[in-house]
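First comes the structure, then the notes that go with it.
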Amino acid sequence: MRILSLYILLLVPTLSYTQLLNNSSLYFLDSATQIINIQGQSYLGSTHLPLNFAKIFYTGGFIDDNMINKANSGLSNLNRTGYESSFNITYLNYRPSILKKYGYYLNISALFSGGAEYTDDFFRGVFQGNTSYKGEYINLQQSGFHTRSYRSIESGIITKKFKVGLCYTNIQSEINSQIYEGGIDISPNATQIQGNFNGYATSSNNSSNFPTNNWGLTINFEITNKINRLDSSSNARIIAGINGFGIQKLSNSSYLYLDTTISYTGIPVYEISDFNTPFLPNYNIDSLSRISTQINAFPFELYVHKVGGKKTAKLHSCYGLRYRSNSNYSVLIYAGGEYHFKNHFTLGSIISYGGYSGVNNGLYIRYQSKKIISSINTNNLVGIFWNQSKAIGLNLSLSYLIQ
């Protein structure tokens, strides 16, 4: 079970996190000057794995041939699976108390994220064995994964038009791996294997203490631009920003650079159960790694959202995109609409594509009173009821208007 256990260890963290559409109720505050906002969100998705398959990696269970065939049928050249969750509490004060021009804000947050991208050859090789590739080449190019756990505190200045702040992040764990080029050649009788790899793997010295020797220092910036400034009856606007523009320091972290060839002659593998016999040589990968202090670019996020519309209109459109660097994450784009009821409720639907999965169709509801704005968003409604869906997610946001 050595090889199977290795692959499961690589994939389990990626099946414990999510992808998110920003449904913050803060976007719908037009005149408030002091606000407390609480937001939590979580998402699990894949481009090809049904939810019942993905959940087995952390709940346990049996993966049968039907499940493997179902997962195989959705494979493309490069596939993704991932999970992310976050929680944050924010205090905002728009009163011009700094230089008589700017308000200020304070945000405390936690993020846990994991994702993997892998070729169709990688997936089939893990779950069907190397005999299905007799005399062929298993392509591993662009395969990689990441997991990370952050705790952050951020503060800065704010107006109705922009927000800029400095963020300190306590990095509890950070693991990244990528194969730039490489693969495995299988002999015609599947008894000889030669692997050629060019890539890297890095792992931080994990710690649950605060503070740790692993930290990030970044700038977060956001601008808000009203679409039609001359129209006082409209609050339609574009919100764009970047989170995490800066550096991270990983002290005493393990760094492994792969630029090598590994050859092995042994017995063919017909199925996963063949890995029960520990017949593979014990390559001392640790001897290729080194311990060092690294300073790298912090994984950043770019986003653009369109929200709002005519204040008297019942229907509003919404659209946007999101991208995360160094996260095995494709560009997420989305578009939808919402209907405003007279009794303070808004109901909307969003179709999205990208991130860790394919096409998702989410439903959300928002409630607004004089003091409270709350919202609930399902990133993919079908995933709540159908375990063959490829994604599930939930976003909760609550804003209390102090004044």
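In the structure tokens, the first chain shown is A, the next is B, and so on; residue numbers restart at 1 for each chain, and ligands run from 1 in the order shown.
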Practice item. Select from range 17-223 of chain A everything DSSP, run on the backbone, classes as helix (DSSP H, G or I), then give the selection as a ChimeraX atom specification. Key: /A:25-28,51-54,56-59,65-73,120-128,130-133
Tell me, counting only C-alpha atoms, for each residue of range 111-197 of chain A within 10 Å of range 66-90 of chain A, which pair of atoms is nearest and how far apart they are in Å to one decimal, in rows ordered by chain and increasing number, as JSON lines.
```
{"residue": "A:Leu111", "atom": "CA", "partner": "A:Ser86", "partner_atom": "CA", "distance": 4.4}
{"residue": "A:Phe112", "atom": "CA", "partner": "A:Ser85", "partner_atom": "CA", "distance": 5.4}
{"residue": "A:Ser113", "atom": "CA", "partner": "A:Glu84", "partner_atom": "CA", "distance": 4.2}
{"residue": "A:Gly114", "atom": "CA", "partner": "A:Tyr83", "partner_atom": "CA", "distance": 5.4}
{"residue": "A:Gly115", "atom": "CA", "partner": "A:Gly82", "partner_atom": "CA", "distance": 3.9}
{"residue": "A:Ala116", "atom": "CA", "partner": "A:Thr81", "partner_atom": "CA", "distance": 5.4}
{"residue": "A:Glu117", "atom": "CA", "partner": "A:Arg80", "partner_atom": "CA", "distance": 4.4}
{"residue": "A:Tyr118", "atom": "CA", "partner": "A:Asn79", "partner_atom": "CA", "distance": 5.3}
{"residue": "A:Thr119", "atom": "CA", "partner": "A:Leu78", "partner_atom": "CA", "distance": 4.6}
{"residue": "A:Asp120", "atom": "CA", "partner": "A:Asn77", "partner_atom": "CA", "distance": 5.6}
{"residue": "A:Asp121", "atom": "CA", "partner": "A:Asn77", "partner_atom": "CA", "distance": 8.2}
{"residue": "A:Phe122", "atom": "CA", "partner": "A:Leu78", "partner_atom": "CA", "distance": 9.6}
{"residue": "A:Phe123", "atom": "CA", "partner": "A:Asn72", "partner_atom": "CA", "distance": 8.1}
{"residue": "A:Arg124", "atom": "CA", "partner": "A:Asn72", "partner_atom": "CA", "distance": 7.3}
{"residue": "A:Phe127", "atom": "CA", "partner": "A:Ile68", "partner_atom": "CA", "distance": 7.3}
{"residue": "A:Gln128", "atom": "CA", "partner": "A:Ile68", "partner_atom": "CA", "distance": 8.6}
{"residue": "A:Asn139", "atom": "CA", "partner": "A:Asn77", "partner_atom": "CA", "distance": 9.5}
{"residue": "A:Leu140", "atom": "CA", "partner": "A:Leu78", "partner_atom": "CA", "distance": 9.5}
{"residue": "A:Gln141", "atom": "CA", "partner": "A:Leu78", "partner_atom": "CA", "distance": 9.0}
{"residue": "A:Gln142", "atom": "CA", "partner": "A:Leu78", "partner_atom": "CA", "distance": 7.9}
{"residue": "A:Ser143", "atom": "CA", "partner": "A:Leu78", "partner_atom": "CA", "distance": 7.9}
{"residue": "A:Gly144", "atom": "CA", "partner": "A:Arg80", "partner_atom": "CA", "distance": 9.7}
{"residue": "A:Phe145", "atom": "CA", "partner": "A:Gly82", "partner_atom": "CA", "distance": 9.2}
{"residue": "A:His146", "atom": "CA", "partner": "A:Gly82", "partner_atom": "CA", "distance": 9.3}
{"residue": "A:Thr147", "atom": "CA", "partner": "A:Tyr83", "partner_atom": "CA", "distance": 9.4}
{"residue": "A:Arg148", "atom": "CA", "partner": "A:Glu84", "partner_atom": "CA", "distance": 9.5}
{"residue": "A:Ser149", "atom": "CA", "partner": "A:Ser86", "partner_atom": "CA", "distance": 9.8}
{"residue": "A:Tyr150", "atom": "CA", "partner": "A:Ser86", "partner_atom": "CA", "distance": 9.4}
{"residue": "A:Arg151", "atom": "CA", "partner": "A:Phe87", "partner_atom": "CA", "distance": 9.7}
{"residue": "A:Ser152", "atom": "CA", "partner": "A:Asn88", "partner_atom": "CA", "distance": 9.1}
{"residue": "A:Ile153", "atom": "CA", "partner": "A:Asn88", "partner_atom": "CA", "distance": 9.6}
{"residue": "A:Glu154", "atom": "CA", "partner": "A:Thr90", "partner_atom": "CA", "distance": 9.2}
{"residue": "A:Ser155", "atom": "CA", "partner": "A:Thr90", "partner_atom": "CA", "distance": 9.6}
```
Check your understanding: Excluding same-chain residues fewer than 5 positions from Leu332 in chain A, what lies within 12 Å of it counting only C-alpha atoms, as a list in words?
Key ->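 Counting only the stated atoms, we get Gln19, Leu20, Leu21, Asn22, Glu301, Leu302, Tyr303, Val304, His305, Tyr319, Gly320, Leu321, Arg322, Tyr323, Arg324, Ile351, Ser352, Tyr353, Gly354, Gly355, Tyr356, Ser357, Gly358, Val359 and Asn360 of chain A.
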Just N, CA and C atoms for this one: save the residues we selected as a compact mmCIF listing (two decimals), in the first residue's frame.
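Result saved to part.txt:
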```txt
# COMPACT_ATOMS: atom_id res chain seq x y z
N GLN A 19 -14.04 26.60 -3.35
CA GLN A 19 -13.93 27.74 -4.25
C GLN A 19 -15.12 28.64 -4.03
N LEU A 20 -14.92 29.94 -4.08
CA LEU A 20 -15.94 30.84 -3.57
C LEU A 20 -16.28 31.96 -4.54
N LEU A 21 -17.58 32.34 -4.57
CA LEU A 21 -18.02 33.57 -5.17
C LEU A 21 -18.24 34.56 -4.04
N ASN A 22 -17.73 35.77 -4.17
CA ASN A 22 -17.84 36.71 -3.08
C ASN A 22 -19.25 37.25 -3.00
N GLU A 301 -4.67 36.98 -4.85
CA GLU A 301 -5.99 36.80 -5.45
C GLU A 301 -6.39 38.08 -6.17
N LEU A 302 -6.89 37.94 -7.39
CA LEU A 302 -7.47 39.05 -8.16
C LEU A 302 -8.97 38.83 -8.30
N TYR A 303 -9.75 39.89 -8.21
CA TYR A 303 -11.20 39.75 -8.38
C TYR A 303 -11.80 41.02 -8.96
N VAL A 304 -12.90 40.82 -9.69
CA VAL A 304 -13.71 41.91 -10.23
C VAL A 304 -15.16 41.50 -10.10
N HIS A 305 -16.00 42.38 -9.52
CA HIS A 305 -17.42 42.11 -9.36
C HIS A 305 -18.23 43.29 -9.88
N TYR A 319 -22.05 40.04 -12.35
CA TYR A 319 -21.06 39.23 -13.05
C TYR A 319 -19.69 39.56 -12.48
N GLY A 320 -18.72 38.72 -12.82
CA GLY A 320 -17.38 38.96 -12.32
C GLY A 320 -16.43 37.82 -12.62
N LEU A 321 -15.23 37.94 -12.08
CA LEU A 321 -14.22 36.89 -12.23
C LEU A 321 -13.32 36.89 -11.01
N ARG A 322 -12.59 35.79 -10.85
CA ARG A 322 -11.70 35.60 -9.71
C ARG A 322 -10.54 34.72 -10.12
N TYR A 323 -9.34 35.05 -9.64
CA TYR A 323 -8.16 34.24 -9.94
C TYR A 323 -7.28 34.18 -8.71
N ARG A 324 -6.70 33.01 -8.45
CA ARG A 324 -5.77 32.81 -7.34
C ARG A 324 -4.48 32.23 -7.88
N ILE A 351 -24.55 31.53 -12.52
CA ILE A 351 -23.88 30.43 -13.22
C ILE A 351 -22.39 30.76 -13.27
N SER A 352 -21.56 29.81 -12.86
CA SER A 352 -20.11 30.04 -12.84
C SER A 352 -19.38 28.92 -13.55
N TYR A 353 -18.16 29.23 -13.96
CA TYR A 353 -17.32 28.23 -14.61
C TYR A 353 -15.87 28.49 -14.23
N GLY A 354 -15.17 27.42 -13.86
CA GLY A 354 -13.74 27.53 -13.58
C GLY A 354 -13.42 27.31 -12.12
N GLY A 355 -12.26 27.79 -11.70
CA GLY A 355 -11.80 27.53 -10.34
C GLY A 355 -11.32 26.10 -10.22
N TYR A 356 -11.94 25.35 -9.32
CA TYR A 356 -11.60 23.94 -9.13
C TYR A 356 -12.57 23.01 -9.87
N SER A 357 -13.61 23.55 -10.50
CA SER A 357 -14.62 22.69 -11.12
C SER A 357 -15.03 23.25 -12.47
N GLY A 358 -16.14 22.71 -13.01
CA GLY A 358 -16.64 23.17 -14.29
C GLY A 358 -17.80 24.13 -14.10
N VAL A 359 -18.93 23.80 -14.73
CA VAL A 359 -20.11 24.66 -14.65
C VAL A 359 -20.86 24.42 -13.35
N ASN A 360 -21.13 25.48 -12.62
CA ASN A 360 -21.93 25.45 -11.39
C ASN A 360 -23.10 26.40 -11.53
```
Review point. Hey, what's within 6 Å of range 230-247 of chain A if we count only C-alpha atoms and toss same-chain stuff fewer than 3 positions away? As number ranges by chain, please?
Key: A: 216-227, 296-298, 300-311
Serialized selection, C-alpha atoms, as a compact mmCIF listing (two decimals), in the first residue's frame:
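As written to disk, result36.txt reads:
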```txt
# COMPACT_ATOMS: atom_id res chain seq x y z
CA GLY A 216 3.47 36.83 5.12
CA LEU A 217 3.39 40.59 4.71
CA THR A 218 1.09 41.86 2.00
CA ILE A 219 -0.94 44.78 0.70
CA ASN A 220 -4.66 44.42 -0.03
CA PHE A 221 -6.26 46.98 -2.34
CA GLU A 222 -9.81 47.49 -3.61
CA ILE A 223 -11.47 50.19 -5.71
CA THR A 224 -15.16 50.86 -6.26
CA ASN A 225 -16.25 52.66 -9.42
CA LYS A 226 -19.85 53.70 -10.00
CA ILE A 227 -20.89 52.72 -13.51
CA ASN A 296 8.74 33.84 -1.96
CA ALA A 297 5.88 35.73 -3.52
CA PHE A 298 2.73 35.39 -1.44
CA PHE A 300 -2.38 36.47 -4.36
CA GLU A 301 -5.99 36.80 -5.45
CA LEU A 302 -7.47 39.05 -8.16
CA TYR A 303 -11.20 39.75 -8.38
CA VAL A 304 -13.71 41.91 -10.23
CA HIS A 305 -17.42 42.11 -9.36
CA LYS A 306 -20.34 44.02 -10.81
CA VAL A 307 -23.16 44.62 -8.32
CA GLY A 308 -26.22 46.85 -7.98
CA GLY A 309 -28.38 48.60 -10.55
CA LYS A 310 -31.32 50.97 -10.75
CA LYS A 311 -32.63 51.47 -7.22
```
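The space separating CA of Ser349 in chain A from CA of Lys161 in chain A comes to 26.9 Å.
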**Study point:** Ser97 in chain A surroundings by only C-alpha atoms, 12 Å radius, close-in-sequence under 6 positions cut, as a list in words
**Key:** Thr33, Gly103, Tyr104, Tyr105, Ile157, Ile158 and Thr159 of chain A
Review point. Can you list, as an MDAnalysis selection string, every residue of range 174-397 of chain A that DSSP puts in strand (DSSP E)?
Key: chainID A and resid 174:186 192:203 215:226 237:265 289:297 301:307 315:324 332:340 345:354 357:368 372:378 391:397
Exercise for review: Might you pull out every residue within 6 Å of Asn252 in chain A, with only C-alpha atoms counted and same-chain residues fewer than 4 positions away left off, and present them as an MDAnalysis selection string?
Suggested key: chainID A and resid 291:293
Review point. Using only C-alpha atoms, which of the listed residues (A:Asn228, A:Ser187, A:Gln41, A:Thr59) sits closest to Ile392 in chain A?
Key: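 Result for the nearest residue to Ile392 in chain A: A:Gln41.
Distance-wise, CA of Gln388 in chain A and CA of Phe53 in chain A end up 8.4 Å apart.
Counting only C-alpha atoms and comparing A:Asn37, A:Thr212, A:Ser325, A:Asn206, the residue that lies closest to Ile373 in chain A is A:Asn37.
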Check your understanding: Pick the closest to Tyr94 in chain A from A:Leu363, A:Val126, A:Ile175, A:Ile36: which is it, counting only C-alpha atoms?
Key ->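 Distance minimum relative to Tyr94 in chain A lands on A:Ile36.
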Check your understanding: What does the distance between CA of Ile56 in chain A and CA of Ser327 in chain A come to in Å, to one decimal place?
Key ->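 Calculated distance between CA of Ile56 in chain A and CA of Ser327 in chain A is 22.6 Å.
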Point to revise | Nearest to Tyr91 in chain A, chosen from A:Gln34, A:Thr47, A:Gln39, A:Asn196, with only C-alpha atoms counted in the distances | key: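 When distances to Tyr91 in chain A are compared using only C-alpha atoms, the smallest one comes from A:Gln34.
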